[in-house]
>>> print(open('query-v4.pdb').read())   # PDB, C-alpha atoms and all ligand atoms
ATOM      1  CA  MET A 222     253.616 120.946  92.604  1.00  0.00           C
ATOM      2  CA  GLN A 223     255.070 117.828  91.021  1.00  0.00           C
ATOM      3  CA  THR A 224     253.671 117.278  87.528  1.00  0.00           C
ATOM      4  CA  ASN A 225     252.567 113.882  86.334  1.00  0.00           C
ATOM      5  CA  LEU A 226     254.549 113.663  83.140  1.00  0.00           C
ATOM      6  CA  GLN A 227     253.289 111.390  80.446  1.00  0.00           C
ATOM      7  CA  PRO A 228     255.833 109.012  78.902  1.00  0.00           C
ATOM      8  CA  GLN A 229     256.095 108.943  75.157  1.00  0.00           C
ATOM      9  CA  PRO A 230     254.668 105.913  73.381  1.00  0.00           C
ATOM     10  CA  ILE A 231     257.502 103.567  72.432  1.00  0.00           C
ATOM     11  CA  SER A 232     256.504 103.444  68.791  1.00  0.00           C
ATOM     12  CA  PRO A 233     256.272 104.478  66.043  1.00  0.00           C
ATOM     13  CA  PHE A 234     259.563 106.289  65.994  1.00  0.00           C
ATOM     14  CA  HIS A 235     262.971 106.844  64.489  1.00  0.00           C
ATOM     15  CA  VAL A 236     266.077 105.514  66.219  1.00  0.00           C
ATOM     16  CA  ALA A 237     269.604 106.413  65.099  1.00  0.00           C
ATOM     17  CA  ILE A 238     272.598 104.406  66.284  1.00  0.00           C
ATOM     18  CA  ILE A 239     276.248 105.421  66.287  1.00  0.00           C
ATOM     19  CA  MET A 240     277.784 101.959  66.330  1.00  0.00           C
ATOM     20  CA  ASP A 241     281.126 102.672  67.986  1.00  0.00           C
ATOM     21  CA  GLY A 242     283.705 100.540  69.764  1.00  0.00           C
ATOM     22  CA  ASN A 243     284.419  97.718  67.297  1.00  0.00           C
ATOM     23  CA  GLY A 244     288.137  98.383  67.148  1.00  0.00           C
ATOM     24  CA  ARG A 245     288.640  98.566  70.930  1.00  0.00           C
ATOM     25  CA  TRP A 246     286.496  95.454  71.391  1.00  0.00           C
ATOM     26  CA  ALA A 247     288.943  93.528  69.199  1.00  0.00           C
ATOM     27  CA  GLU A 248     292.096  95.148  70.573  1.00  0.00           C
ATOM     28  CA  ASN A 249     291.054  94.340  74.147  1.00  0.00           C
ATOM     29  CA  GLN A 250     291.138  90.688  73.176  1.00  0.00           C
ATOM     30  CA  GLY A 251     294.401  90.939  71.280  1.00  0.00           C
ATOM     31  CA  LEU A 252     292.595  90.566  67.966  1.00  0.00           C
ATOM     32  CA  PRO A 253     292.994  92.663  64.825  1.00  0.00           C
ATOM     33  CA  ARG A 254     290.494  95.518  64.465  1.00  0.00           C
ATOM     34  CA  PRO A 255     288.729  93.986  61.418  1.00  0.00           C
ATOM     35  CA  VAL A 256     287.604  91.114  63.677  1.00  0.00           C
ATOM     36  CA  GLY A 257     285.775  93.758  65.712  1.00  0.00           C
ATOM     37  CA  HIS A 258     284.024  95.007  62.602  1.00  0.00           C
ATOM     38  CA  GLN A 259     282.916  91.466  61.745  1.00  0.00           C
ATOM     39  CA  ALA A 260     281.519  91.045  65.249  1.00  0.00           C
ATOM     40  CA  GLY A 261     279.850  94.424  64.812  1.00  0.00           C
ATOM     41  CA  ALA A 262     278.052  93.181  61.697  1.00  0.00           C
ATOM     42  CA  ARG A 263     276.571  90.340  63.769  1.00  0.00           C
ATOM     43  CA  ALA A 264     275.287  92.875  66.303  1.00  0.00           C
ATOM     44  CA  VAL A 265     273.635  94.799  63.454  1.00  0.00           C
ATOM     45  CA  ARG A 266     271.638  91.746  62.414  1.00  0.00           C
ATOM     46  CA  ALA A 267     270.336  91.157  65.942  1.00  0.00           C
ATOM     47  CA  VAL A 268     269.445  94.812  66.480  1.00  0.00           C
ATOM     48  CA  VAL A 269     267.565  95.063  63.179  1.00  0.00           C
ATOM     49  CA  ARG A 270     265.450  92.066  64.197  1.00  0.00           C
ATOM     50  CA  THR A 271     264.742  93.653  67.569  1.00  0.00           C
ATOM     51  CA  ALA A 272     263.803  96.964  65.943  1.00  0.00           C
ATOM     52  CA  VAL A 273     261.159  95.140  63.904  1.00  0.00           C
ATOM     53  CA  GLU A 274     259.845  93.310  66.975  1.00  0.00           C
ATOM     54  CA  GLN A 275     259.681  96.522  69.009  1.00  0.00           C
ATOM     55  CA  GLY A 276     257.753  98.425  66.356  1.00  0.00           C
ATOM     56  CA  VAL A 277     260.490 100.918  65.522  1.00  0.00           C
ATOM     57  CA  THR A 278     259.521 102.488  62.191  1.00  0.00           C
ATOM     58  CA  ALA A 279     262.904 103.837  61.081  1.00  0.00           C
ATOM     59  CA  LEU A 280     266.414 102.790  62.093  1.00  0.00           C
ATOM     60  CA  SER A 281     269.411 104.826  60.945  1.00  0.00           C
ATOM     61  CA  LEU A 282     272.804 103.198  61.430  1.00  0.00           C
ATOM     62  CA  TYR A 283     276.118 105.044  61.226  1.00  0.00           C
ATOM     63  CA  ALA A 284     278.344 102.499  59.499  1.00  0.00           C
ATOM     64  CA  PHE A 285     281.146 104.586  57.964  1.00  0.00           C
ATOM     65  CA  SER A 286     281.683 108.311  58.319  1.00  0.00           C
ATOM     66  CA  SER A 287     283.359 110.578  55.792  1.00  0.00           C
ATOM     67  CA  TYR A 288     286.134 110.978  58.377  1.00  0.00           C
ATOM     68  CA  ASN A 289     286.737 107.219  58.520  1.00  0.00           C
ATOM     69  CA  TRP A 290     288.664 107.432  55.218  1.00  0.00           C
ATOM     70  CA  ARG A 291     291.549 108.565  57.447  1.00  0.00           C
ATOM     71  CA  ARG A 292     291.963 105.014  58.718  1.00  0.00           C
ATOM     72  CA  PRO A 293     294.547 102.544  57.370  1.00  0.00           C
ATOM     73  CA  GLU A 294     293.756 101.371  53.855  1.00  0.00           C
ATOM     74  CA  GLU A 295     293.424  97.771  54.963  1.00  0.00           C
ATOM     75  CA  GLU A 296     290.830  98.558  57.626  1.00  0.00           C
ATOM     76  CA  VAL A 297     288.839 100.684  55.167  1.00  0.00           C
ATOM     77  CA  ALA A 298     288.934  97.916  52.551  1.00  0.00           C
ATOM     78  CA  GLY A 299     287.679  95.414  55.129  1.00  0.00           C
ATOM     79  CA  LEU A 300     284.801  97.700  56.078  1.00  0.00           C
ATOM     80  CA  MET A 301     283.841  98.233  52.440  1.00  0.00           C
ATOM     81  CA  ALA A 302     283.823  94.465  51.884  1.00  0.00           C
ATOM     82  CA  LEU A 303     281.646  93.920  54.980  1.00  0.00           C
ATOM     83  CA  LEU A 304     279.181  96.559  53.829  1.00  0.00           C
ATOM     84  CA  ARG A 305     279.018  95.030  50.398  1.00  0.00           C
ATOM     85  CA  HIS A 306     278.375  91.623  51.919  1.00  0.00           C
ATOM     86  CA  PHE A 307     275.607  93.021  54.109  1.00  0.00           C
ATOM     87  CA  LEU A 308     273.964  94.823  51.213  1.00  0.00           C
ATOM     88  CA  THR A 309     273.971  91.757  48.981  1.00  0.00           C
ATOM     89  CA  ILE A 310     273.591  88.706  51.248  1.00  0.00           C
ATOM     90  CA  ASP A 311     271.720  90.080  54.282  1.00  0.00           C
ATOM     91  CA  VAL A 312     269.442  92.170  52.140  1.00  0.00           C
ATOM     92  CA  ARG A 313     267.781  89.039  50.759  1.00  0.00           C
ATOM     93  CA  ASP A 314     266.543  88.200  54.231  1.00  0.00           C
ATOM     94  CA  LEU A 315     265.663  91.819  55.049  1.00  0.00           C
ATOM     95  CA  ARG A 316     263.695  92.079  51.811  1.00  0.00           C
ATOM     96  CA  ALA A 317     261.673  88.996  52.720  1.00  0.00           C
ATOM     97  CA  HIS A 318     260.776  90.673  56.022  1.00  0.00           C
ATOM     98  CA  GLY A 319     259.395  93.764  54.299  1.00  0.00           C
ATOM     99  CA  ILE A 320     262.327  95.995  55.294  1.00  0.00           C
ATOM    100  CA  ARG A 321     263.080  98.979  53.108  1.00  0.00           C
ATOM    101  CA  ILE A 322     266.729  99.942  52.692  1.00  0.00           C
ATOM    102  CA  SER A 323     268.160 103.362  51.981  1.00  0.00           C
ATOM    103  CA  VAL A 324     271.765 104.441  52.085  1.00  0.00           C
ATOM    104  CA  LEU A 325     272.779 107.932  53.214  1.00  0.00           C
ATOM    105  CA  GLY A 326     276.020 109.605  52.203  1.00  0.00           C
ATOM    106  CA  ARG A 327     278.221 110.132  49.183  1.00  0.00           C
ATOM    107  CA  ARG A 328     278.378 107.433  46.566  1.00  0.00           C
ATOM    108  CA  ASP A 329     281.108 108.790  44.312  1.00  0.00           C
ATOM    109  CA  ARG A 330     284.045 107.678  46.486  1.00  0.00           C
ATOM    110  CA  LEU A 331     282.807 104.143  47.159  1.00  0.00           C
ATOM    111  CA  PRO A 332     284.171 101.044  45.428  1.00  0.00           C
ATOM    112  CA  LEU A 333     282.047 100.430  42.323  1.00  0.00           C
ATOM    113  CA  ALA A 334     280.877  97.014  43.529  1.00  0.00           C
ATOM    114  CA  LEU A 335     279.555  98.560  46.753  1.00  0.00           C
ATOM    115  CA  ALA A 336     277.830 101.400  44.894  1.00  0.00           C
ATOM    116  CA  LYS A 337     276.141  98.819  42.676  1.00  0.00           C
ATOM    117  CA  ALA A 338     275.070  96.701  45.658  1.00  0.00           C
ATOM    118  CA  ILE A 339     273.539  99.811  47.245  1.00  0.00           C
ATOM    119  CA  ALA A 340     271.575 100.610  44.094  1.00  0.00           C
ATOM    120  CA  VAL A 341     270.216  97.053  43.872  1.00  0.00           C
ATOM    121  CA  ALA A 342     269.364  96.907  47.605  1.00  0.00           C
ATOM    122  CA  GLU A 343     267.502 100.206  47.433  1.00  0.00           C
ATOM    123  CA  ARG A 344     265.667  99.370  44.234  1.00  0.00           C
ATOM    124  CA  SER A 345     264.638  95.892  45.279  1.00  0.00           C
ATOM    125  CA  THR A 346     263.251  97.024  48.662  1.00  0.00           C
ATOM    126  CA  ALA A 347     261.763 100.359  47.587  1.00  0.00           C
ATOM    127  CA  ARG A 348     258.172  99.150  47.766  1.00  0.00           C
ATOM    128  CA  ASN A 349     258.511  97.490  51.159  1.00  0.00           C
ATOM    129  CA  THR A 350     256.439  99.047  53.905  1.00  0.00           C
ATOM    130  CA  GLY A 351     258.063  97.596  57.029  1.00  0.00           C
ATOM    131  CA  LEU A 352     260.993  99.018  58.979  1.00  0.00           C
ATOM    132  CA  HIS A 353     262.900 101.692  57.049  1.00  0.00           C
ATOM    133  CA  LEU A 354     266.561 100.818  57.539  1.00  0.00           C
ATOM    134  CA  ARG A 355     268.952 103.618  56.640  1.00  0.00           C
ATOM    135  CA  ILE A 356     272.643 102.892  56.521  1.00  0.00           C
ATOM    136  CA  ALA A 357     275.029 105.836  56.533  1.00  0.00           C
ATOM    137  CA  ILE A 358     278.149 105.206  54.457  1.00  0.00           C
ATOM    138  CA  ASP A 359     280.693 107.929  53.622  1.00  0.00           C
ATOM    139  CA  TYR A 360     278.329 110.170  55.533  1.00  0.00           C
ATOM    140  CA  SER A 361     278.850 113.628  56.997  1.00  0.00           C
ATOM    141  CA  SER A 362     275.832 115.536  58.213  1.00  0.00           C
ATOM    142  CA  ARG A 363     277.455 118.871  57.422  1.00  0.00           C
ATOM    143  CA  ASP A 364     277.996 117.753  53.831  1.00  0.00           C
ATOM    144  CA  ALA A 365     274.422 116.460  53.619  1.00  0.00           C
ATOM    145  CA  ILE A 366     273.031 119.766  54.919  1.00  0.00           C
ATOM    146  CA  LEU A 367     275.161 121.796  52.491  1.00  0.00           C
ATOM    147  CA  ALA A 368     274.123 119.590  49.554  1.00  0.00           C
ATOM    148  CA  ALA A 369     270.462 119.846  50.554  1.00  0.00           C
ATOM    149  CA  ALA A 370     270.735 123.645  50.908  1.00  0.00           C
ATOM    150  CA  GLN A 371     272.180 123.897  47.409  1.00  0.00           C
ATOM    151  CA  GLN A 372     269.314 121.852  45.954  1.00  0.00           C
ATOM    152  CA  ALA A 373     266.360 123.092  48.004  1.00  0.00           C
ATOM    153  CA  PRO A 374     263.967 125.335  46.034  1.00  0.00           C
ATOM    154  CA  ASP A 375     263.934 127.808  48.946  1.00  0.00           C
ATOM    155  CA  LEU A 376     265.725 127.915  52.278  1.00  0.00           C
ATOM    156  CA  SER A 377     262.787 127.164  54.542  1.00  0.00           C
ATOM    157  CA  PRO A 378     263.206 124.487  57.247  1.00  0.00           C
ATOM    158  CA  GLU A 379     260.546 122.414  55.483  1.00  0.00           C
ATOM    159  CA  ALA A 380     262.292 122.565  52.097  1.00  0.00           C
ATOM    160  CA  LEU A 381     265.628 121.648  53.654  1.00  0.00           C
ATOM    161  CA  ALA A 382     264.108 118.800  55.663  1.00  0.00           C
ATOM    162  CA  THR A 383     262.400 117.472  52.547  1.00  0.00           C
ATOM    163  CA  ARG A 384     265.693 117.573  50.630  1.00  0.00           C
ATOM    164  CA  LEU A 385     267.530 115.803  53.443  1.00  0.00           C
ATOM    165  CA  GLY A 386     264.740 113.245  53.392  1.00  0.00           C
ATOM    166  CA  THR A 387     265.734 111.476  56.597  1.00  0.00           C
ATOM    167  CA  GLY A 388     263.100 112.744  59.031  1.00  0.00           C
ATOM    168  CA  ASP A 389     263.502 113.819  62.645  1.00  0.00           C
ATOM    169  CA  VAL A 390     265.269 111.392  64.952  1.00  0.00           C
ATOM    170  CA  ASP A 391     263.551 110.531  68.226  1.00  0.00           C
ATOM    171  CA  LEU A 392     266.359 108.648  69.927  1.00  0.00           C
ATOM    172  CA  VAL A 393     270.112 108.504  69.308  1.00  0.00           C
ATOM    173  CA  ILE A 394     272.075 105.656  70.829  1.00  0.00           C
ATOM    174  CA  ARG A 395     275.873 105.790  70.869  1.00  0.00           C
ATOM    175  CA  THR A 396     277.809 102.777  72.036  1.00  0.00           C
ATOM    176  CA  GLY A 397     281.514 102.631  72.871  1.00  0.00           C
ATOM    177  CA  GLY A 398     281.699 105.188  75.679  1.00  0.00           C
ATOM    178  CA  ASP A 399     282.138 108.493  73.832  1.00  0.00           C
ATOM    179  CA  ARG A 400     279.502 111.164  74.196  1.00  0.00           C
ATOM    180  CA  ARG A 401     279.417 112.973  70.885  1.00  0.00           C
ATOM    181  CA  LEU A 402     277.520 112.908  67.591  1.00  0.00           C
ATOM    182  CA  SER A 403     280.548 112.754  65.235  1.00  0.00           C
ATOM    183  CA  ASP A 404     278.646 114.639  62.509  1.00  0.00           C
ATOM    184  CA  PHE A 405     275.685 112.232  62.376  1.00  0.00           C
ATOM    185  CA  LEU A 406     272.208 113.567  61.470  1.00  0.00           C
ATOM    186  CA  LEU A 407     272.772 116.990  63.049  1.00  0.00           C
ATOM    187  CA  TRP A 408     269.676 118.606  61.531  1.00  0.00           C
ATOM    188  CA  GLU A 409     267.513 115.568  62.181  1.00  0.00           C
ATOM    189  CA  CYS A 410     268.668 115.263  65.803  1.00  0.00           C
ATOM    190  CA  ALA A 411     267.664 118.815  66.746  1.00  0.00           C
ATOM    191  CA  TYR A 412     265.287 117.446  69.403  1.00  0.00           C
ATOM    192  CA  ALA A 413     266.434 113.849  69.700  1.00  0.00           C
ATOM    193  CA  GLU A 414     266.807 112.148  73.045  1.00  0.00           C
ATOM    194  CA  LEU A 415     270.405 111.028  73.609  1.00  0.00           C
ATOM    195  CA  PHE A 416     271.412 107.684  75.068  1.00  0.00           C
ATOM    196  CA  PHE A 417     275.072 106.897  75.648  1.00  0.00           C
ATOM    197  CA  THR A 418     276.415 103.569  76.787  1.00  0.00           C
ATOM    198  CA  ASP A 419     279.913 102.270  77.483  1.00  0.00           C
ATOM    199  CA  VAL A 420     279.000  98.912  75.926  1.00  0.00           C
ATOM    200  CA  LYS A 421     281.075  98.421  72.789  1.00  0.00           C
ATOM    201  CA  TRP A 422     279.063  97.827  69.645  1.00  0.00           C
ATOM    202  CA  PRO A 423     279.864  94.086  69.185  1.00  0.00           C
ATOM    203  CA  ASP A 424     278.602  93.485  72.755  1.00  0.00           C
ATOM    204  CA  PHE A 425     275.394  95.466  72.210  1.00  0.00           C
ATOM    205  CA  THR A 426     272.611  92.874  72.397  1.00  0.00           C
ATOM    206  CA  PRO A 427     268.847  92.981  71.801  1.00  0.00           C
ATOM    207  CA  ALA A 428     268.503  93.247  75.600  1.00  0.00           C
ATOM    208  CA  HIS A 429     270.639  96.419  75.637  1.00  0.00           C
ATOM    209  CA  PHE A 430     268.606  97.815  72.761  1.00  0.00           C
ATOM    210  CA  THR A 431     265.299  97.045  74.459  1.00  0.00           C
ATOM    211  CA  ALA A 432     266.593  98.691  77.654  1.00  0.00           C
ATOM    212  CA  ALA A 433     267.490 101.837  75.696  1.00  0.00           C
ATOM    213  CA  LEU A 434     264.004 101.915  74.183  1.00  0.00           C
ATOM    214  CA  GLY A 435     262.532 101.505  77.654  1.00  0.00           C
ATOM    215  CA  ASP A 436     264.642 104.409  78.926  1.00  0.00           C
ATOM    216  CA  PHE A 437     263.402 106.537  76.031  1.00  0.00           C
ATOM    217  CA  ALA A 438     259.799 105.632  76.802  1.00  0.00           C
ATOM    218  CA  LYS A 439     260.177 107.102  80.308  1.00  0.00           C
ATOM    219  CA  ARG A 440     261.465 110.452  79.125  1.00  0.00           C
ATOM    220  CA  THR A 441     259.282 113.511  78.745  1.00  0.00           C
ATOM    221  CA  ARG A 442     259.531 115.590  75.622  1.00  0.00           C
ATOM    222  CA  SER A 443     257.971 119.019  75.721  1.00  0.00           C
ATOM    223  CA  PHE A 444     259.776 120.449  72.661  1.00  0.00           C
ATOM    224  CA  GLY A 445     260.155 123.807  74.342  1.00  0.00           C
ATOM    225  CA  GLY A 446     256.573 123.905  75.573  1.00  0.00           C
ATOM    226  CA  LEU A 447     255.244 123.156  79.030  1.00  0.00           C
ATOM    227  CA  MET A 448     254.201 119.774  80.343  1.00  0.00           C
ATOM    228  CA  GLU A 449     250.592 119.308  81.348  1.00  0.00           C
ATOM    229  CA  SER A 450     249.934 119.092  85.086  1.00  0.00           C
ATOM    230  CA  ALA A 451     248.187 116.083  86.540  1.00  0.00           C
TER     231      ALA A 451
HETATM  232  C1  LIG B 501     282.951 101.843  64.878  1.00  0.00           C
HETATM  233  O1  LIG B 501     283.953 101.253  65.631  1.00  0.00           O
HETATM  234  C2  LIG B 501     282.983 101.413  63.434  1.00  0.00           C
HETATM  235  C3  LIG B 501     283.441 102.477  62.527  1.00  0.00           C
HETATM  236  C4  LIG B 501     283.686 103.694  62.871  1.00  0.00           C
HETATM  237  C5  LIG B 501     283.629 102.120  61.150  1.00  0.00           C
HETATM  238  P1  LIG B 501     285.416 101.840  65.648  1.00  0.00           P
HETATM  239  O2  LIG B 501     286.202 101.188  64.562  1.00  0.00           O
HETATM  240  O3  LIG B 501     285.422 103.325  65.631  1.00  0.00           O
HETATM  241  O4  LIG B 501     285.917 101.316  67.045  1.00  0.00           O
HETATM  242  P2  LIG B 501     286.796 102.082  68.110  1.00  0.00           P
HETATM  243  O5  LIG B 501     286.071 103.358  68.438  1.00  0.00           O
HETATM  244  O6  LIG B 501     288.126 102.349  67.477  1.00  0.00           O
HETATM  245  O7  LIG B 501     286.867 101.154  69.254  1.00  0.00           O
HETATM  246  C1  LIG B 502     281.650 107.350  64.506  1.00  0.00           C
HETATM  247  O1  LIG B 502     282.664 106.573  65.057  1.00  0.00           O
HETATM  248  C2  LIG B 502     281.342 106.874  63.131  1.00  0.00           C
HETATM  249  C3  LIG B 502     280.758 105.540  63.057  1.00  0.00           C
HETATM  250  C4  LIG B 502     280.328 104.835  64.062  1.00  0.00           C
HETATM  251  C5  LIG B 502     280.650 105.010  61.730  1.00  0.00           C
HETATM  252  P1  LIG B 502     284.174 107.082  65.032  1.00  0.00           P
HETATM  253  O2  LIG B 502     284.977 106.139  65.820  1.00  0.00           O
HETATM  254  O3  LIG B 502     284.600 107.340  63.640  1.00  0.00           O
HETATM  255  O4  LIG B 502     284.007 108.489  65.758  1.00  0.00           O
HETATM  256  P2  LIG B 502     285.077 109.404  66.475  1.00  0.00           P
HETATM  257  O5  LIG B 502     286.287 109.473  65.569  1.00  0.00           O
HETATM  258  O6  LIG B 502     285.401 108.754  67.774  1.00  0.00           O
HETATM  259  O7  LIG B 502     284.363 110.698  66.644  1.00  0.00           O
HETATM  260 MG    MG B 503     285.361 104.746  67.137  1.00  0.00          MG
END
>>> encode(input="query-v4.pdb", output="structure tokens")
Amino acid sequence: MQTNLQPQPISPFHVAIIMDGNGRWAENQGLPRPVGHQAGARAVRAVVRTAVEQGVTALSLYAFSSYNWRRPEEEVAGLMALLRHFLTIDVRDLRAHGIRISVLGRRDRLPLALAKAIAVAERSTARNTGLHLRIAIDYSSRDAILAAAQQAPDLSPEALATRLGTGDVDLVIRTGGDRRLSDFLLWECAYAELFFTDVKWPDFTPAHFTAALGDFAKRTRSFGGLMESA
């Protein structure tokens, strides 16, 4: 007999986004890749606003992976400058809207000015109780899990999860057409719903985001158990 599966409530929940496709977006228009990253930063602003409106409680954004150091020096420098700009200029507005900022990933390889901007952004929003915006910079989930395992008082799942401190992800969105996690929040995504779209990140609008949330709301999550019958 067909079961009447209950959709999940849309909120509160944790959304993680792998913001991919900036470079191809620019190249398709004959523009240099950094222009794609600038357009991507504009998409971030719109999506953060939508997350607040939709009642998302935590939003984790993959901005720069530990593997992205392999890119040309100029592209990396441009990305670091964009991140610094976001964490100094945009943060003023985010702070006023009660958003709390955390940055995931290694700090020791970042330009000093960016590391300082991160520290100020985190400190000045620490008491905010609105959306928790996590930005992953020089991030590798494998590295984060290894570091957490080395620091955890015991190797229980709870101790490791506490050390990682990011919380389980409910929904992962990856733009740009590829269908992989690229070492993002592997522990936290153990039971995440996955949503892949061919839309390149700079073209990802609040309407796309809302549609992804709507798709998530229709899914059933039994976490290995059985769904209740109607
Ligand atoms: C995502 O866009 C941004 C970063 C990884 C920093 P890409 O720069 O990877 O864009 P594509 O995948 O080359 O189009
Ligand atoms: C994933 O995008 C990382 C970010 C979005 C920051 P990449 O473009 O680096 O991923 P791969 O290389 O296609 O896996
Ligand atoms: Mg890419």
>>> residues_around(input="query-v4.pdb", residues="A:Ile239", least_positions_apart="4", cutoff="9 Å", atoms="all atoms listed in the file", output="compact mmCIF listing (two decimals) with C-alpha atoms, keeping the file's coordinate frame")
# COMPACT_ATOMS: atom_id res chain seq x y z
CA SER A 281 269.41 104.83 60.94
CA LEU A 282 272.80 103.20 61.43
CA TYR A 283 276.12 105.04 61.23
CA ALA A 284 278.34 102.50 59.50
CA VAL A 393 270.11 108.50 69.31
CA ILE A 394 272.08 105.66 70.83
CA ARG A 395 275.87 105.79 70.87
CA THR A 396 277.81 102.78 72.04
CA GLY A 397 281.51 102.63 72.87
CA LEU A 402 277.52 112.91 67.59
CA SER A 403 280.55 112.75 65.24
CA PHE A 405 275.68 112.23 62.38
CA TRP A 422 279.06 97.83 69.64
>>> residues_around(input="query-v4.pdb", residues="A:Trp408", least_positions_apart="6", cutoff="9 Å", atoms="all atoms listed in the file", output="JSON, numbers by chain")
{"A": [362, 363, 366, 382, 385, 389]}
>>> write_last_selection(input="query-v4.pdb", atoms="C-alpha atoms", output="compact mmCIF listing (two decimals), keeping the file's coordinate frame")
# COMPACT_ATOMS: atom_id res chain seq x y z
CA SER A 362 275.83 115.54 58.21
CA ARG A 363 277.46 118.87 57.42
CA ILE A 366 273.03 119.77 54.92
CA ALA A 382 264.11 118.80 55.66
CA LEU A 385 267.53 115.80 53.44
CA ASP A 389 263.50 113.82 62.64
>>> residues_near_ligand(input="query-v4.pdb", ligand="ligand LIG 501 (chain B)", cutoff="10 Å", atoms="all atoms listed in the file", output="number ranges by chain")
A: 239-249, 254-255, 257-258, 261-262, 283-290, 292, 296-297, 299-301, 358-359, 396-399, 403, 421-423
>>> atom_distance(input="query-v4.pdb", atom1="atom C2 of ligand LIG 502 (chain B)", atom2="atom CA of A:Gly445")
29.3 Å
>>> closest_residue(input="query-v4.pdb", among="A:Phe437, A:Phe416, A:Tyr360, A:Phe234", to="ligand LIG 502 (chain B)", atoms="all atoms listed in the file")
A:Tyr360
>>> atom_distance(input="query-v4.pdb", atom1="atom CA of A:His235", atom2="atom CA of A:Asn349")
16.9 Å
>>> axis_aligned_box(input="query-v4.pdb", around="ligand LIG 502 (chain B)", padding_each_side="3 Å", output="JSON")
{"center_x": 283.3, "center_y": 107.8, "center_z": 64.8, "size_x": 12.0, "size_y": 11.9, "size_z": 12.0}
>>> resolve_selection(input="query-v4.pdb", expression="the PyMOL selection byres (((chain A and resi 320-325) around 6) and not hetatm)", output="VMD selection string")
chain A and resid 315 to 316 318 to 319 326 343 346 to 347 349 351 to 357
>>> atom_distance(input="query-v4.pdb", atom1="atom CA of A:Asp404", atom2="atom O4 of ligand LIG 502 (chain B)")
8.8 Å
>>> residues_around(input="query-v4.pdb", residues="A:Leu392", least_positions_apart="6", cutoff="6 Å", atoms="all atoms listed in the file", output="JSON list (two decimals) with C-alpha atoms, keeping the file's coordinate frame")
[["chain", "number", "residue", "atom", "x", "y", "z"],
["A", 236, "VAL", "CA", 266.08, 105.51, 66.22],
["A", 413, "ALA", "CA", 266.43, 113.85, 69.70],
["A", 414, "GLU", "CA", 266.81, 112.15, 73.04],
["A", 415, "LEU", "CA", 270.40, 111.03, 73.61]]
>>> closest_residue(input="query-v4.pdb", among="A:Thr426, A:Ser361, A:Thr418, A:Gln372", to="ligand LIG 502 (chain B)", atoms="only C-alpha atoms and all ligand atoms")
A:Ser361
>>> closest_residue(input="query-v4.pdb", among="A:Asp419, A:Arg313, A:Leu407, A:Leu308", to="ligand MG 503 (chain B)", atoms="only C-alpha atoms and all ligand atoms")
A:Asp419
>>> build_atoms(input="query-v4.pdb", residues="stretch 292-301 of chain A", atoms="N, CA, C and O atoms", output="PDB file, in the frame of the given file")
ATOM      1  N   ARG A 292     291.433 106.246  58.100  1.00  0.00           N
ATOM      2  CA  ARG A 292     291.963 105.014  58.718  1.00  0.00           C
ATOM      3  C   ARG A 292     292.880 104.262  57.749  1.00  0.00           C
ATOM      4  O   ARG A 292     292.845 104.519  56.542  1.00  0.00           O
ATOM      5  N   PRO A 293     293.649 103.297  58.263  1.00  0.00           N
ATOM      6  CA  PRO A 293     294.547 102.544  57.370  1.00  0.00           C
ATOM      7  C   PRO A 293     293.755 101.902  56.225  1.00  0.00           C
ATOM      8  O   PRO A 293     292.619 101.451  56.418  1.00  0.00           O
ATOM      9  N   GLU A 294     294.389 101.874  55.081  1.00  0.00           N
ATOM     10  CA  GLU A 294     293.756 101.371  53.855  1.00  0.00           C
ATOM     11  C   GLU A 294     293.143  99.977  54.044  1.00  0.00           C
ATOM     12  O   GLU A 294     292.053  99.677  53.567  1.00  0.00           O
ATOM     13  N   GLU A 295     293.874  99.152  54.779  1.00  0.00           N
ATOM     14  CA  GLU A 295     293.424  97.771  54.963  1.00  0.00           C
ATOM     15  C   GLU A 295     292.123  97.707  55.770  1.00  0.00           C
ATOM     16  O   GLU A 295     291.214  96.927  55.452  1.00  0.00           O
ATOM     17  N   GLU A 296     292.054  98.541  56.810  1.00  0.00           N
ATOM     18  CA  GLU A 296     290.830  98.558  57.626  1.00  0.00           C
ATOM     19  C   GLU A 296     289.655  99.068  56.798  1.00  0.00           C
ATOM     20  O   GLU A 296     288.546  98.515  56.850  1.00  0.00           O
ATOM     21  N   VAL A 297     289.907 100.118  56.016  1.00  0.00           N
ATOM     22  CA  VAL A 297     288.839 100.684  55.167  1.00  0.00           C
ATOM     23  C   VAL A 297     288.363  99.632  54.160  1.00  0.00           C
ATOM     24  O   VAL A 297     287.152  99.434  53.976  1.00  0.00           O
ATOM     25  N   ALA A 298     289.313  98.936  53.551  1.00  0.00           N
ATOM     26  CA  ALA A 298     288.934  97.916  52.551  1.00  0.00           C
ATOM     27  C   ALA A 298     288.087  96.825  53.197  1.00  0.00           C
ATOM     28  O   ALA A 298     287.094  96.348  52.616  1.00  0.00           O
ATOM     29  N   GLY A 299     288.449  96.432  54.409  1.00  0.00           N
ATOM     30  CA  GLY A 299     287.679  95.414  55.129  1.00  0.00           C
ATOM     31  C   GLY A 299     286.267  95.888  55.408  1.00  0.00           C
ATOM     32  O   GLY A 299     285.292  95.129  55.265  1.00  0.00           O
ATOM     33  N   LEU A 300     286.134  97.152  55.800  1.00  0.00           N
ATOM     34  CA  LEU A 300     284.801  97.700  56.078  1.00  0.00           C
ATOM     35  C   LEU A 300     283.955  97.758  54.808  1.00  0.00           C
ATOM     36  O   LEU A 300     282.760  97.428  54.821  1.00  0.00           O
ATOM     37  N   MET A 301     284.579  98.154  53.717  1.00  0.00           N
ATOM     38  CA  MET A 301     283.841  98.233  52.440  1.00  0.00           C
ATOM     39  C   MET A 301     283.358  96.835  52.023  1.00  0.00           C
ATOM     40  O   MET A 301     282.235  96.668  51.533  1.00  0.00           O
TER      41      MET A 301
END
